[in-house]
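What follows is a single structure, written as structure tokens, with notes after it.
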Amino acid sequence: MRVARYLTILMVLTAGVTGQASGALRIANEYVTVEFDAKRLSFVAISKTSGLKFIQRCTLRGERGTARRHEATDTIWGRGEAIEVVYESGGRDRLILFEGSPFIVLTSKLTNDRTEATAIERVHSLSLTLDLNKRASELRALGTAGLTAVDQDANPGSYSFLAIADPASRAGVVAGWVSHDRGSGVLFSDIKEGKAFLKARLDYGKLLIEPGGTVKSETLVVGYFADARLGLEAYADAVAKHYRIALPPQPTVYCTWYHAGASNEKDIIENATFAQEHLAPYGFSVVQIDDKWQDGAKIEGPRKDFTKHRAAGPYPSGMAPTAARLEHLGMTPGIWFMPFAGTWDDPFFADRQDMFARKDGKPYVVRWGGTCFDLTNPKARTYVYKVARRIAHDWGYKYFKLDGLWTGMATGMCYVNTGYREDELGSTKLQDPHMTHVQAYRDGLKLVREAAGPDVFILGCNVAQNMRVLGASFGLVDAMRVGPDNGRNWAQICRGPFSGSNTYFLHGRVWYNDPDPIYVRDSVPLEHARALTSWVTLTGQLNASSIQFSDLSQERLHLLQRTMPAHGLRPRPVDLFEQRIPRMWLLTAEDGSTRRDVIGLFNWQAKEAIAIERSLAEIGLAPAEAYVGFDYWADKFVDPFSGKLKASLAPASCRILAVRPVAPRPQVLSTSRHITQGVVDIVGETWHASTKALEGCSRVVGGDPYELRIAAAGPSQIWRVRAVSVAAKGGVQGVTAKLLEQDGWRVRVQIGAPQNCEVFWSVQSEGPR
């Protein structure tokens with residue numbers, strides 16, 4: 001067998017290559033034009049919107065071939081135009097522009113024209129010289145390593161995706177591996193001869209191609225965008241389309257780990273009972289048990305016998321009774337386990353040695369993860385299936401937190417992994433040599449899903465252990481821990497916003513980003529707690545907490561209640577290409593003619609105050625002469641402002657501003673129910689000019705005073721509130737409303753309800769004057 005460590009296969013900068021076809025070929029759609037030199041087998045790409053030749057040069061592989069243009073049809077991507085190169089070796093490359101897609105789609109077929117099998121470790125797939133009409137030193141790269149300079153000394157490389165953008169305009173190129181069925185896609189940037197340079201590579205570890213065999217490569221996309229944030233979002237949409245992703249409803253979660261390990265069968269029910277009364281009405285739904293419930297020998301990380309509970313552990317009655325009690329309380333029972341690893345020297349695994357991947361003839365052991373299963377081995381697959389099925393169907397758990405996922409690839413631990421790092425992908429021996437380690441991992445996740453069933457919510461944990469898990473999990477999990485464990489001090493609190501911002505575009509499209517828990521316990525400074533809870537709530541990422549709820553003060557319980565439920569929208573960071581952790585986010589909700597904008601301002605500096613100043617257009621607000629707002633944590637109205645938003649923030653703090661254009665009539669600026677101030681609770685809002693009444697409907701939580709913050713027009717013309725009335729949907733009795741105060745144009749109305757219900761409200765006015 002021939003081993004090819006590197007294979008230059010799709011697109012590399014190679015001079016002097018001669019094709020058998022002559023002349024120029026051209027394909028185009030509404031976004032981009034590709035001009036292909038059939039002699040040199042090279043191309044350039046021009047943005048139709050800007051006229052910029054953003055790909056200055058890309059030359060295909062260094063072998064003879066013939067290029068032709070043809071129509072393309074794909075069941076996922078639709079119709080388009082393609083240029084295909086067929087090489088004398090039998091390999092093929094295709095560049096495709098599909099209708100309605102802003103990307104150049106690149107695919108390849110790898111062919112072994114030799115008489116012996118070939119094992120490919122990695123494929124150098126694409127190298128591009130870019131022109132963004134900006135000095136390369138002024139550009140920034142954004143990938144899994146975060147925001148860096150473009151040169152390779154600053155950017156170690158990114159897994160799955162990479163954007164190179166001008167931070168001043170946000171214009172840039174986005175490249176990403178859409179599929180990861182057999183290979184692990186990585187991307188690198190550099191500066192060469194003053195130009196930005198982008199290189200894409202596929203790591204297979206060990207891809208075996210038999211003589212005369214052909215293998216389809218993964219799908220890569222590249223595109224130019226006037227706003228590279230939209231390009232990253234389009235990339236995530238392409239992944240979701242490719243894998244036909246349909247996400248279940250987003251849960252709100254309690255996890256035992258960060259305050260109680262696995263907790264125990266008494267305390268967890270007490271916590272769930274408290275949550276049933278005080279948090280479920282706000283949107284809380286899942287109670288998840290973490291590590292230390294399971295049996296097994298504690299060798300190299302957690303115990304790993306997940307077939308049974310530990311008799312002397314925190315759940316002596318077993319796991320099924322606790323799940324049943326949680327379900328009886330109206331909670332979704334959740335549980336943590338490691339599906340793809342065991343412990344070879346644990347007596348439990350003594351007769352299961354053939355389940356493990358091997359290296360140098362020995363079971364393959366990784367730090368903390370233990371001994372990796374060989375997921376191509378039928379015995380290991382049966383074991384994984386039975387464990388998952390028992391937990392879901394025999395015990396009744398409907399929320400899985402799957403940890404140590406990278407062990408399913410039988411490769412090295414890289415924690416904390418952000419930018420590219422060399423690991424041992426492909427160095428271990430699997431029973432089936434025709435399956436790559438990525439393919440084995442994906443099949444393992446599919447097996448867990450098959451065993452658990454479609455109604456089990458699957459949270460993957462976590463990409464920071466080995467970032468190859470990122471792309472390899474596309475389409476197979478409902479949520480993903482996108483960073484390392486966080487904690488209660490400020491530096492640890494910032495870990496989630498860093499990782500969650502770098503991958504914000506995946507959230508709600510490919511999966512729900514899990515940035516790790518929020519911390520509202522009284523030992524955490526209030527400003528710190530507000531900053532983290534506000535970031536999670538505003539970005540809409542997975543909301544988990546880890547505390548015995550009855551230990552919270554009323555103030556901190558109230559804070560936690562304001563975070564639930566998730567809004568289900570897709571906000572954007574404003575300064576994604578300017579700050580290591582974006583300081584400004586915009587959440588926009590539109591309901592018919594009503595648009596609500598919520599701006600989040602964050603200071604991630606631990607000891608330094610900052611001043612933020614951005615134009616309204618840069619923020620993403622609609623054009624208007626002036627805006628007016630409400631500052632949620634300051635609990636005060638924001639006077640009208642024009643042109644720019646200026647704000648000061650103390651160290652380690654935030655401000656959450658709900659803003660709307662100044663109007664000549666009353667309008668709701670904010671509500672007290674939720675940090676997003678009306679986004680999750682206001683069902684509708686209408687101004688009736690004939691009766692001078694502002695009317696709407698709100699989702700109100702029983703026993704929680706609900707406040708409408710209304711701008712009764714601008715300071716120069718004020719409407720005077722004369723009456724407030726309410727009626728509950730479904731005939732609920734006991735709903736009340738009162739005018740708390742009117743200070744000029746600033747109006748506060750309070751509504752109360754004895755139970756959760758939708759309340760129709762009407763604020764009658766007179767004026768203006």
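Naming scheme: A, B, ... for chains in displayed order of the structure tokens; residues 1 onward per chain; ligands 1 onward as shown.
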Which of stretch 329-494 of chain A counts as alpha helix (DSSP H) under DSSP, as a PyMOL selection string please?
-> chain A and resi 378-389+437-452+468-472+490-493
Once DSSP has gone over the backbone, tell me which residues of stretch 473-621 of chain A are in strand (DSSP E or B), as a ChimeraX atom specification.
-> /A:479-481,507,511-514,518,543-545,572-573,584-591,594-603,610-615
Write out as a PDB file with N, CA and C atoms, in the first residue's frame which residues come within 12 Å of A:Phe349 when counting only C-alpha atoms, dropping same-chain ones fewer than 3 positions away.
ATOM      1  N   GLY A 296     -17.733   2.355  37.555  1.00  0.00           N
ATOM      2  CA  GLY A 296     -16.463   2.126  36.883  1.00  0.00           C
ATOM      3  C   GLY A 296     -15.273   2.576  37.711  1.00  0.00           C
ATOM      4  N   ALA A 297     -14.104   2.180  37.254  1.00  0.00           N
ATOM      5  CA  ALA A 297     -12.869   2.567  37.920  1.00  0.00           C
ATOM      6  C   ALA A 297     -12.483   3.979  37.480  1.00  0.00           C
ATOM      7  N   ARG A 303     -15.035   8.080  35.649  1.00  0.00           N
ATOM      8  CA  ARG A 303     -15.435   6.673  35.532  1.00  0.00           C
ATOM      9  C   ARG A 303     -16.216   6.524  34.223  1.00  0.00           C
ATOM     10  N   LYS A 304     -16.129   5.342  33.611  1.00  0.00           N
ATOM     11  CA  LYS A 304     -16.684   5.231  32.258  1.00  0.00           C
ATOM     12  C   LYS A 304     -17.553   3.991  32.041  1.00  0.00           C
ATOM     13  N   ASP A 305     -18.122   3.484  33.091  1.00  0.00           N
ATOM     14  CA  ASP A 305     -19.126   2.430  32.930  1.00  0.00           C
ATOM     15  C   ASP A 305     -20.494   3.094  33.015  1.00  0.00           C
ATOM     16  N   PHE A 306     -21.039   3.403  31.856  1.00  0.00           N
ATOM     17  CA  PHE A 306     -22.317   4.119  31.801  1.00  0.00           C
ATOM     18  C   PHE A 306     -23.502   3.165  31.648  1.00  0.00           C
ATOM     19  N   THR A 307     -23.255   1.884  31.872  1.00  0.00           N
ATOM     20  CA  THR A 307     -24.356   0.921  31.811  1.00  0.00           C
ATOM     21  C   THR A 307     -25.148   0.893  33.114  1.00  0.00           C
ATOM     22  N   ALA A 341     -15.916   6.346  24.780  1.00  0.00           N
ATOM     23  CA  ALA A 341     -14.682   6.006  25.493  1.00  0.00           C
ATOM     24  C   ALA A 341     -14.974   5.075  26.654  1.00  0.00           C
ATOM     25  N   GLY A 342     -13.978   4.271  26.991  1.00  0.00           N
ATOM     26  CA  GLY A 342     -14.023   3.395  28.154  1.00  0.00           C
ATOM     27  C   GLY A 342     -12.693   3.457  28.883  1.00  0.00           C
ATOM     28  N   THR A 343     -12.411   2.448  29.665  1.00  0.00           N
ATOM     29  CA  THR A 343     -11.153   2.365  30.407  1.00  0.00           C
ATOM     30  C   THR A 343     -10.629   0.942  30.253  1.00  0.00           C
ATOM     31  N   TRP A 344      -9.597   0.771  29.459  1.00  0.00           N
ATOM     32  CA  TRP A 344      -9.169  -0.579  29.075  1.00  0.00           C
ATOM     33  C   TRP A 344      -8.756  -1.426  30.275  1.00  0.00           C
ATOM     34  N   ASP A 345      -8.179  -0.782  31.336  1.00  0.00           N
ATOM     35  CA  ASP A 345      -7.724  -1.538  32.496  1.00  0.00           C
ATOM     36  C   ASP A 345      -8.728  -1.539  33.647  1.00  0.00           C
ATOM     37  N   ASP A 346      -9.951  -1.144  33.382  1.00  0.00           N
ATOM     38  CA  ASP A 346     -11.054  -1.308  34.327  1.00  0.00           C
ATOM     39  C   ASP A 346     -11.570  -2.745  34.181  1.00  0.00           C
ATOM     40  N   ARG A 352     -13.841  -6.781  26.892  1.00  0.00           N
ATOM     41  CA  ARG A 352     -14.251  -5.895  25.808  1.00  0.00           C
ATOM     42  C   ARG A 352     -13.035  -5.209  25.156  1.00  0.00           C
ATOM     43  N   GLN A 353     -11.891  -5.822  25.227  1.00  0.00           N
ATOM     44  CA  GLN A 353     -10.660  -5.196  24.746  1.00  0.00           C
ATOM     45  C   GLN A 353     -10.676  -4.941  23.245  1.00  0.00           C
ATOM     46  N   ASP A 354     -11.410  -5.749  22.510  1.00  0.00           N
ATOM     47  CA  ASP A 354     -11.440  -5.557  21.058  1.00  0.00           C
ATOM     48  C   ASP A 354     -12.269  -4.346  20.641  1.00  0.00           C
ATOM     49  N   MET A 355     -12.943  -3.706  21.590  1.00  0.00           N
ATOM     50  CA  MET A 355     -13.728  -2.515  21.262  1.00  0.00           C
ATOM     51  C   MET A 355     -12.853  -1.275  21.084  1.00  0.00           C
ATOM     52  N   PHE A 356     -11.608  -1.324  21.518  1.00  0.00           N
ATOM     53  CA  PHE A 356     -10.784  -0.130  21.563  1.00  0.00           C
ATOM     54  C   PHE A 356      -9.943   0.036  20.296  1.00  0.00           C
ATOM     55  N   PRO A 363      -4.175  -0.570  23.411  1.00  0.00           N
ATOM     56  CA  PRO A 363      -5.360   0.298  23.435  1.00  0.00           C
ATOM     57  C   PRO A 363      -4.939   1.761  23.484  1.00  0.00           C
ATOM     58  N   THR A 371      -9.828   5.544  27.192  1.00  0.00           N
ATOM     59  CA  THR A 371      -9.483   4.669  26.072  1.00  0.00           C
ATOM     60  C   THR A 371     -10.545   4.793  24.987  1.00  0.00           C
ATOM     61  N   PHE A 373     -12.897   4.206  21.828  1.00  0.00           N
ATOM     62  CA  PHE A 373     -13.515   3.103  21.115  1.00  0.00           C
ATOM     63  C   PHE A 373     -13.144   3.150  19.631  1.00  0.00           C
ATOM     64  N   ALA A 380     -18.094  -2.700  19.395  1.00  0.00           N
ATOM     65  CA  ALA A 380     -18.111  -1.366  19.998  1.00  0.00           C
ATOM     66  C   ALA A 380     -19.382  -0.630  19.615  1.00  0.00           C
ATOM     67  N   TYR A 383     -22.254  -1.882  21.649  1.00  0.00           N
ATOM     68  CA  TYR A 383     -22.154  -1.372  23.020  1.00  0.00           C
ATOM     69  C   TYR A 383     -22.636   0.073  23.099  1.00  0.00           C
TER      70      TYR A 383
END
Do a neighbour search on A:Leu430 at 12 Å with only C-alpha atoms, toss out local chain neighbours closer than 4 positions, and write the hits as an NGL selection string.
-> :A and (205-207 or 354-359 or 361 or 363-364 or 372-378 or 380 or 408-411 or 425-426 or 434-441)
Residue subset to file, keeping N, CA and C atoms, as an mmCIF file, in the first residue's frame:
data_model
loop_
_atom_site.group_PDB
_atom_site.id
_atom_site.type_symbol
_atom_site.label_atom_id
_atom_site.label_comp_id
_atom_site.auth_asym_id
_atom_site.auth_seq_id
_atom_site.Cartn_x
_atom_site.Cartn_y
_atom_site.Cartn_z
ATOM 1 N N GLY A 205 -6.367 11.981 7.806
ATOM 2 C CA GLY A 205 -5.725 11.031 8.687
ATOM 3 C C GLY A 205 -5.263 9.837 7.892
ATOM 4 N N LYS A 206 -6.243 9.084 7.415
ATOM 5 C CA LYS A 206 -5.937 7.935 6.578
ATOM 6 C C LYS A 206 -7.156 7.600 5.721
ATOM 7 N N LEU A 207 -7.098 8.046 4.470
ATOM 8 C CA LEU A 207 -8.153 7.759 3.505
ATOM 9 C C LEU A 207 -7.612 6.723 2.529
ATOM 10 N N ASP A 354 -11.410 -5.749 22.510
ATOM 11 C CA ASP A 354 -11.440 -5.557 21.058
ATOM 12 C C ASP A 354 -12.269 -4.346 20.641
ATOM 13 N N MET A 355 -12.943 -3.706 21.590
ATOM 14 C CA MET A 355 -13.728 -2.515 21.262
ATOM 15 C C MET A 355 -12.853 -1.275 21.084
ATOM 16 N N PHE A 356 -11.608 -1.324 21.518
ATOM 17 C CA PHE A 356 -10.784 -0.130 21.563
ATOM 18 C C PHE A 356 -9.943 0.036 20.296
ATOM 19 N N ALA A 357 -9.777 1.307 19.883
ATOM 20 C CA ALA A 357 -8.804 1.628 18.849
ATOM 21 C C ALA A 357 -7.406 1.357 19.398
ATOM 22 N N ARG A 358 -6.458 1.089 18.502
ATOM 23 C CA ARG A 358 -5.120 0.704 18.961
ATOM 24 C C ARG A 358 -4.041 1.516 18.267
ATOM 25 N N LYS A 359 -2.960 1.676 19.008
ATOM 26 C CA LYS A 359 -1.766 2.300 18.458
ATOM 27 C C LYS A 359 -0.563 1.535 18.988
ATOM 28 N N GLY A 361 -0.103 -1.483 18.778
ATOM 29 C CA GLY A 361 -0.583 -2.735 19.342
ATOM 30 C C GLY A 361 -1.261 -2.623 20.681
ATOM 31 N N PRO A 363 -4.175 -0.570 23.411
ATOM 32 C CA PRO A 363 -5.360 0.298 23.435
ATOM 33 C C PRO A 363 -4.939 1.761 23.484
ATOM 34 N N TYR A 364 -5.630 2.577 22.720
ATOM 35 C CA TYR A 364 -5.244 3.988 22.579
ATOM 36 C C TYR A 364 -5.881 4.811 23.693
ATOM 37 N N CYS A 372 -10.104 5.158 23.777
ATOM 38 C CA CYS A 372 -11.033 5.476 22.687
ATOM 39 C C CYS A 372 -11.595 4.209 22.057
ATOM 40 N N PHE A 373 -12.897 4.206 21.828
ATOM 41 C CA PHE A 373 -13.515 3.103 21.115
ATOM 42 C C PHE A 373 -13.144 3.150 19.631
ATOM 43 N N ASP A 374 -13.104 1.977 19.036
ATOM 44 C CA ASP A 374 -13.009 1.832 17.589
ATOM 45 C C ASP A 374 -14.438 1.724 17.065
ATOM 46 N N LEU A 375 -14.944 2.815 16.545
ATOM 47 C CA LEU A 375 -16.353 2.861 16.143
ATOM 48 C C LEU A 375 -16.618 2.199 14.804
ATOM 49 N N THR A 376 -15.593 1.575 14.232
ATOM 50 C CA THR A 376 -15.829 0.710 13.071
ATOM 51 C C THR A 376 -15.996 -0.747 13.492
ATOM 52 N N ASN A 377 -15.784 -1.030 14.761
ATOM 53 C CA ASN A 377 -15.888 -2.387 15.286
ATOM 54 C C ASN A 377 -17.347 -2.682 15.648
ATOM 55 N N PRO A 378 -17.941 -3.718 15.079
ATOM 56 C CA PRO A 378 -19.355 -4.011 15.364
ATOM 57 C C PRO A 378 -19.644 -4.187 16.859
ATOM 58 N N ALA A 380 -18.094 -2.700 19.395
ATOM 59 C CA ALA A 380 -18.111 -1.366 19.998
ATOM 60 C C ALA A 380 -19.382 -0.630 19.615
ATOM 61 N N GLY A 408 -14.285 9.756 19.844
ATOM 62 C CA GLY A 408 -14.879 8.986 18.752
ATOM 63 C C GLY A 408 -14.030 8.992 17.496
ATOM 64 N N MET A 409 -13.082 9.941 17.404
ATOM 65 C CA MET A 409 -12.142 9.960 16.280
ATOM 66 C C MET A 409 -10.845 9.241 16.624
ATOM 67 N N ALA A 410 -10.736 8.780 17.864
ATOM 68 C CA ALA A 410 -9.516 8.092 18.329
ATOM 69 C C ALA A 410 -8.280 8.908 17.971
ATOM 70 N N THR A 411 -8.307 10.167 18.385
ATOM 71 C CA THR A 411 -7.199 11.075 18.128
ATOM 72 C C THR A 411 -6.869 11.838 19.403
ATOM 73 N N LEU A 425 -4.527 12.523 14.281
ATOM 74 C CA LEU A 425 -5.604 12.021 13.445
ATOM 75 C C LEU A 425 -5.084 10.980 12.463
ATOM 76 N N GLY A 426 -5.666 9.806 12.498
ATOM 77 C CA GLY A 426 -5.309 8.748 11.582
ATOM 78 C C GLY A 426 -4.177 7.851 12.034
ATOM 79 N N HIS A 434 -11.150 1.049 5.579
ATOM 80 C CA HIS A 434 -11.753 1.879 4.537
ATOM 81 C C HIS A 434 -12.541 3.051 5.113
ATOM 82 N N MET A 435 -12.679 3.109 6.415
ATOM 83 C CA MET A 435 -13.362 4.232 7.061
ATOM 84 C C MET A 435 -12.321 5.163 7.669
ATOM 85 N N THR A 436 -12.458 6.467 7.382
ATOM 86 C CA THR A 436 -11.584 7.430 8.034
ATOM 87 C C THR A 436 -12.037 7.621 9.473
ATOM 88 N N HIS A 437 -11.191 8.235 10.273
ATOM 89 C CA HIS A 437 -11.523 8.459 11.676
ATOM 90 C C HIS A 437 -12.679 9.454 11.829
ATOM 91 N N VAL A 438 -12.743 10.428 10.921
ATOM 92 C CA VAL A 438 -13.875 11.367 10.937
ATOM 93 C C VAL A 438 -15.163 10.636 10.589
ATOM 94 N N GLN A 439 -15.109 9.787 9.598
ATOM 95 C CA GLN A 439 -16.277 9.016 9.192
ATOM 96 C C GLN A 439 -16.752 8.103 10.322
ATOM 97 N N ALA A 440 -15.814 7.471 11.018
ATOM 98 C CA ALA A 440 -16.170 6.609 12.147
ATOM 99 C C ALA A 440 -16.856 7.401 13.247
ATOM 100 N N TYR A 441 -16.335 8.605 13.518
ATOM 101 C CA TYR A 441 -16.947 9.474 14.529
ATOM 102 C C TYR A 441 -18.375 9.853 14.145
#
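Pairwise distance (atom CA of A:Ala149, atom CA of A:Thr418) equals 15.2 Å.
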